[in-house]
Every structure is written in structure tokens, then in C-alpha cells.
Amino acid sequence: MAQQISVFIENTRGRLREIAKLLKEAHIDIKAITIADTPDFGVVRMITGDNQNALRILKDGGFTTRTTDVIAVKIENKPGSLFQVLSVLEKKNIDIAYLYSYAASPHDHAILVFRFDNSEAARTALSDAGIAVITTEELLQ
């Protein structure tokens with residue numbers, strides 16, 4: 001499994017910038033990021049180049065954080081790759097809680113980061129279909 005950091009923030013101007021500033025000052029690269037929000041608060045989910053130090057820095061900066069296990073898969077960066085992954089999950093009746101992605105290189109591969117209600121079933125289904133499930137360390141390479 002891979003791990004992401006979830007940061008709970010008030011939905012006010014400048015809060016995301018504060019997170020980015022703390023990580024910038026610590027020379028920690030944000031590899032992937034997504035934000036879910038409501039009128040009052042948001043959840044910033046991210047994978048960084050150094051999750052352990054990022055967690056410490058963000059907590060020291062007054063942010064509420066936690067880590068979450070996610071499943072990251074490495075796919076070809078070409079049309080149809082997402083469809084292939086989603087087809088495997090649909091055939092096994094596996095629901096996705098959320099998903100975000102990033103292209104690791106414009107011509108090489110992309111990374112999809114999933115959160116599932118049943119991660120073990122998802123990991124098995126993806127692996128059995130020949131889809132590369134990767135760890136946080138592999139994700140950062």
C-alpha cells in the first residue's frame with residue numbers, strides 16, 4: 001500500500017498557502033495533491049517526497065493531520081488506461097471512495113491513487129489483472 005497525508009483545514013483564504021509554505025521551507029516536494037471542500041472546511045490529501053517529515057512539520061504548524069492507506073497503481077500515460085483500471089474494478093463490484101492522479105512523466109506513465117472501502121479486494125483484483133500496484137517508495141521513484 002501507499003500512504004497519503006490528510007490535512008484538515010478551515011475553508012478560509014490563505015490556509016492552503018500556509019501548508020505549501022511550511023513544506024516549501026522544509027524543502028519537501030508535493031508529488032500529488034487533491035482538495036475536497038465544504039463551505040466550512042476542507043480536506044487536503046497529498047503524497048509528498050517525505051511524508052514522515054511533512055506530517056511532523058504540519059502538526060508543529062498547528063494543522064490536524066493523519067495518514068491514510070491508499071492504493072496507487074502505475075499505468076501507461078495514454079488514452080484508455082484509466083478505462084482499463086475502472087473496468088477491472090467494475091467487474092469485481094469494487095466501489096471507489098475517491099481517486100486522484102498525476103502524470104509522473106509526460107511520455108512514460110501516470111499514477112492513480114485510490115481510496116476504497118475494501119482495499120484488499122481492490123488490490124487483489126488489480127494485481128490479478130496485471131495492473132501494477134505500487135508502494136509509496138515506488139511511487140516516488
# chains A, B, ... in the order shown; residues from 1 in each chain; ligands from 1
>>> residues_around(residues="segment 50-57 of chain A", least_positions_apart="3", cutoff="8 Å", atoms="only C-alpha atoms", output="list of chain:residue names")
A:Gln4, A:Ile5, A:Leu22, A:Leu23, A:Ala26, A:Ile28, A:Asp29, A:Ile47, A:Asp60, A:Gly61, A:Thr65, A:Arg66
>>> write_last_selection(atoms="N, CA and C atoms", output="compact mmCIF listing (two decimals), in the first residue's frame")
# COMPACT_ATOMS: atom_id res chain seq x y z
N GLN A 4 -0.92 8.35 2.14
CA GLN A 4 -1.12 9.77 1.87
C GLN A 4 -1.28 10.49 3.19
N ILE A 5 -1.11 11.78 3.13
CA ILE A 5 -1.36 12.65 4.29
C ILE A 5 -2.69 13.34 4.04
N LEU A 22 4.91 25.92 4.63
CA LEU A 22 5.61 25.06 5.58
C LEU A 22 6.42 23.98 4.86
N LEU A 23 5.82 23.37 3.85
CA LEU A 23 6.51 22.31 3.11
C LEU A 23 7.64 22.89 2.27
N ALA A 26 10.66 23.53 4.33
CA ALA A 26 11.32 22.28 4.72
C ALA A 26 11.87 21.53 3.51
N ILE A 28 10.26 20.08 1.12
CA ILE A 28 9.51 18.86 0.88
C ILE A 28 8.63 19.06 -0.34
N ASP A 29 8.81 18.20 -1.32
CA ASP A 29 8.09 18.28 -2.58
C ASP A 29 6.72 17.62 -2.46
N ILE A 47 0.49 13.34 -1.29
CA ILE A 47 1.64 12.47 -1.13
C ILE A 47 2.85 13.36 -1.39
N ASP A 60 3.36 20.43 13.79
CA ASP A 60 4.02 21.52 14.51
C ASP A 60 3.48 22.87 14.10
N GLY A 61 3.01 22.96 12.86
CA GLY A 61 2.43 24.20 12.34
C GLY A 61 0.97 24.40 12.74
N THR A 65 -3.68 16.47 11.20
CA THR A 65 -3.28 15.58 10.10
C THR A 65 -3.50 14.13 10.48
N ARG A 66 -3.49 13.30 9.48
CA ARG A 66 -3.45 11.86 9.69
C ARG A 66 -2.94 11.22 8.40
>>> closest_residue(among="A:His27, A:Arg115, A:Lys74, A:Arg123", to="Ile96 of chain A", atoms="only C-alpha atoms")
A:Arg115
>>> closest_residue(among="A:Val133, A:Val73, A:Ile35, A:Ala122", to="Ile9 of chain A", atoms="only C-alpha atoms")
A:Ile35
>>> select_by_dssp(residues="segment 43-125 of chain A", states="strand (DSSP E)", output="PDB file with C-alpha atoms, in the first residue's frame")
ATOM      1  CA  VAL A  43      -9.513  18.025   3.439  1.00  0.00           C
ATOM      2  CA  VAL A  44      -6.213  18.310   1.623  1.00  0.00           C
ATOM      3  CA  ARG A  45      -4.919  14.904   0.591  1.00  0.00           C
ATOM      4  CA  MET A  46      -1.362  14.637  -0.624  1.00  0.00           C
ATOM      5  CA  ILE A  47       1.640  12.468  -1.134  1.00  0.00           C
ATOM      6  CA  THR A  48       4.958  14.168  -0.580  1.00  0.00           C
ATOM      7  CA  THR A  64      -4.688  18.438  12.169  1.00  0.00           C
ATOM      8  CA  THR A  65      -3.282  15.583  10.096  1.00  0.00           C
ATOM      9  CA  ARG A  66      -3.451  11.856   9.692  1.00  0.00           C
ATOM     10  CA  THR A  67      -2.105   9.250   7.333  1.00  0.00           C
ATOM     11  CA  THR A  68      -4.323   7.022   5.259  1.00  0.00           C
ATOM     12  CA  ASP A  69      -3.508   3.867   3.364  1.00  0.00           C
ATOM     13  CA  VAL A  70      -4.324   4.207  -0.310  1.00  0.00           C
ATOM     14  CA  ILE A  71      -3.718   2.061  -3.341  1.00  0.00           C
ATOM     15  CA  ALA A  72      -1.519   3.533  -6.033  1.00  0.00           C
ATOM     16  CA  VAL A  73      -1.312   1.984  -9.456  1.00  0.00           C
ATOM     17  CA  LYS A  74       1.131   2.699 -12.232  1.00  0.00           C
ATOM     18  CA  ILE A  75      -0.425   2.833 -15.695  1.00  0.00           C
ATOM     19  CA  GLU A  76       0.677   3.821 -19.154  1.00  0.00           C
ATOM     20  CA  ILE A  96     -14.173   3.793  -5.282  1.00  0.00           C
ATOM     21  CA  ALA A  97     -14.347   6.248  -2.375  1.00  0.00           C
ATOM     22  CA  TYR A  98     -12.152   8.746  -4.238  1.00  0.00           C
ATOM     23  CA  LEU A  99      -9.381   8.958  -6.801  1.00  0.00           C
ATOM     24  CA  TYR A 100      -6.711  11.402  -7.852  1.00  0.00           C
ATOM     25  CA  SER A 101      -3.815  11.090 -10.243  1.00  0.00           C
ATOM     26  CA  TYR A 102      -0.664  12.593 -11.594  1.00  0.00           C
ATOM     27  CA  ALA A 103       1.483  12.070 -14.629  1.00  0.00           C
ATOM     28  CA  HIS A 109       3.456   6.590 -17.045  1.00  0.00           C
ATOM     29  CA  ALA A 110       0.809   8.018 -14.760  1.00  0.00           C
ATOM     30  CA  ILE A 111      -0.069   7.198 -11.183  1.00  0.00           C
ATOM     31  CA  LEU A 112      -3.642   6.714  -9.988  1.00  0.00           C
ATOM     32  CA  VAL A 113      -4.218   6.977  -6.238  1.00  0.00           C
ATOM     33  CA  PHE A 114      -7.378   5.281  -4.963  1.00  0.00           C
ATOM     34  CA  ARG A 115      -9.178   5.007  -1.667  1.00  0.00           C
ATOM     35  CA  PHE A 116     -11.534   2.041  -1.447  1.00  0.00           C
TER      36      PHE A 116
END
>>> decode(residues="segment 4-139 of chain A", atoms="C-alpha atoms", output="tab-separated table (two decimals), in the first residue's frame")
chain	number	residue	atom	x	y	z
A	4	GLN	CA	-1.12	9.77	1.87
A	5	ILE	CA	-1.36	12.65	4.29
A	6	SER	CA	-4.77	14.15	5.01
A	7	VAL	CA	-4.79	17.68	6.39
A	8	PHE	CA	-8.00	19.12	7.81
A	9	ILE	CA	-8.28	22.86	7.29
A	10	GLU	CA	-10.79	25.65	7.71
A	11	ASN	CA	-12.11	26.83	4.37
A	12	THR	CA	-10.59	30.29	4.70
A	13	ARG	CA	-8.35	32.34	2.48
A	14	GLY	CA	-4.66	31.51	2.83
A	15	ARG	CA	-4.85	28.17	4.67
A	16	LEU	CA	-3.66	26.11	1.69
A	17	ARG	CA	-0.87	28.64	1.14
A	18	GLU	CA	0.23	28.09	4.76
A	19	ILE	CA	0.56	24.36	4.11
A	20	ALA	CA	2.54	25.00	0.94
A	21	LYS	CA	4.79	27.48	2.75
A	22	LEU	CA	5.61	25.06	5.58
A	23	LEU	CA	6.51	22.31	3.11
A	24	LYS	CA	8.48	24.71	0.89
A	25	GLU	CA	10.54	25.92	3.85
A	26	ALA	CA	11.32	22.28	4.72
A	27	HIS	CA	12.22	21.51	1.08
A	28	ILE	CA	9.51	18.86	0.88
A	29	ASP	CA	8.09	18.28	-2.58
A	30	ILE	CA	4.35	17.70	-3.04
A	31	LYS	CA	4.09	14.84	-5.54
A	32	ALA	CA	0.28	14.64	-5.75
A	33	ILE	CA	-2.48	16.71	-4.16
A	34	THR	CA	-6.25	16.99	-4.14
A	35	ILE	CA	-8.70	19.02	-2.10
A	36	ALA	CA	-12.25	18.18	-1.08
A	37	ASP	CA	-14.19	21.00	0.48
A	38	THR	CA	-17.43	22.13	2.04
A	39	PRO	CA	-18.38	25.73	2.85
A	40	ASP	CA	-16.70	25.47	6.26
A	41	PHE	CA	-13.74	23.09	5.97
A	42	GLY	CA	-11.61	21.14	3.56
A	43	VAL	CA	-9.51	18.03	3.44
A	44	VAL	CA	-6.21	18.31	1.62
A	45	ARG	CA	-4.92	14.90	0.59
A	46	MET	CA	-1.36	14.64	-0.62
A	47	ILE	CA	1.64	12.47	-1.13
A	48	THR	CA	4.96	14.17	-0.58
A	49	GLY	CA	8.57	13.34	-1.16
A	50	ASP	CA	8.93	12.86	2.62
A	51	ASN	CA	5.61	12.06	4.30
A	52	GLN	CA	7.13	11.44	7.73
A	53	ASN	CA	8.74	14.88	7.96
A	54	ALA	CA	5.76	16.55	6.28
A	55	LEU	CA	3.46	15.15	8.97
A	56	ARG	CA	5.72	16.42	11.74
A	57	ILE	CA	6.05	19.88	10.18
A	58	LEU	CA	2.34	20.24	9.54
A	59	LYS	CA	1.44	19.11	13.07
A	60	ASP	CA	4.02	21.52	14.51
A	61	GLY	CA	2.43	24.20	12.34
A	62	GLY	CA	-0.91	23.64	14.05
A	63	PHE	CA	-2.63	21.53	11.42
A	64	THR	CA	-4.69	18.44	12.17
A	65	THR	CA	-3.28	15.58	10.10
A	66	ARG	CA	-3.45	11.86	9.69
A	67	THR	CA	-2.10	9.25	7.33
A	68	THR	CA	-4.32	7.02	5.26
A	69	ASP	CA	-3.51	3.87	3.36
A	70	VAL	CA	-4.32	4.21	-0.31
A	71	ILE	CA	-3.72	2.06	-3.34
A	72	ALA	CA	-1.52	3.53	-6.03
A	73	VAL	CA	-1.31	1.98	-9.46
A	74	LYS	CA	1.13	2.70	-12.23
A	75	ILE	CA	-0.43	2.83	-15.70
A	76	GLU	CA	0.68	3.82	-19.15
A	77	ASN	CA	0.16	7.52	-19.81
A	78	LYS	CA	-2.09	7.00	-22.84
A	79	PRO	CA	-5.78	7.09	-23.71
A	80	GLY	CA	-7.73	4.12	-22.37
A	81	SER	CA	-5.54	3.31	-19.38
A	82	LEU	CA	-7.99	4.67	-16.82
A	83	PHE	CA	-10.82	2.82	-18.58
A	84	GLN	CA	-8.90	-0.45	-18.24
A	85	VAL	CA	-8.44	0.00	-14.48
A	86	LEU	CA	-12.05	1.03	-13.92
A	87	SER	CA	-13.27	-1.95	-15.94
A	88	VAL	CA	-11.37	-4.36	-13.67
A	89	LEU	CA	-12.90	-2.73	-10.59
A	90	GLU	CA	-16.40	-2.74	-12.04
A	91	LYS	CA	-16.23	-6.43	-12.94
A	92	LYS	CA	-15.42	-7.18	-9.29
A	93	ASN	CA	-18.10	-4.77	-7.97
A	94	ILE	CA	-15.49	-2.67	-6.15
A	95	ASP	CA	-16.57	0.85	-5.30
A	96	ILE	CA	-14.17	3.79	-5.28
A	97	ALA	CA	-14.35	6.25	-2.38
A	98	TYR	CA	-12.15	8.75	-4.24
A	99	LEU	CA	-9.38	8.96	-6.80
A	100	TYR	CA	-6.71	11.40	-7.85
A	101	SER	CA	-3.81	11.09	-10.24
A	102	TYR	CA	-0.66	12.59	-11.59
A	103	ALA	CA	1.48	12.07	-14.63
A	104	ALA	CA	4.96	11.09	-13.48
A	105	SER	CA	6.36	11.91	-16.91
A	106	PRO	CA	4.56	13.21	-19.98
A	107	HIS	CA	5.57	10.25	-22.12
A	108	ASP	CA	6.07	7.43	-19.66
A	109	HIS	CA	3.46	6.59	-17.05
A	110	ALA	CA	0.81	8.02	-14.76
A	111	ILE	CA	-0.07	7.20	-11.18
A	112	LEU	CA	-3.64	6.71	-9.99
A	113	VAL	CA	-4.22	6.98	-6.24
A	114	PHE	CA	-7.38	5.28	-4.96
A	115	ARG	CA	-9.18	5.01	-1.67
A	116	PHE	CA	-11.53	2.04	-1.45
A	117	ASP	CA	-13.92	0.73	1.18
A	118	ASN	CA	-12.40	-2.70	0.59
A	119	SER	CA	-8.72	-2.11	-0.20
A	120	GLU	CA	-7.72	-5.76	-0.01
A	121	ALA	CA	-10.30	-6.83	-2.62
A	122	ALA	CA	-9.25	-3.93	-4.84
A	123	ARG	CA	-5.56	-4.73	-4.53
A	124	THR	CA	-6.18	-8.39	-5.37
A	125	ALA	CA	-8.39	-7.56	-8.36
A	126	LEU	CA	-5.89	-5.07	-9.76
A	127	SER	CA	-2.88	-7.33	-9.23
A	128	ASP	CA	-4.68	-10.33	-10.74
A	129	ALA	CA	-5.42	-8.21	-13.83
A	130	GLY	CA	-1.72	-7.38	-14.22
A	131	ILE	CA	-2.07	-3.77	-13.09
A	132	ALA	CA	0.98	-2.62	-11.14
A	133	VAL	CA	0.04	-1.79	-7.54
A	134	ILE	CA	2.92	0.21	-6.05
A	135	THR	CA	4.16	1.33	-2.65
A	136	THR	CA	4.87	4.88	-1.55
A	137	GLU	CA	8.59	4.33	-2.19
A	138	GLU	CA	7.96	3.10	-5.73
A	139	LEU	CA	5.56	5.97	-6.30
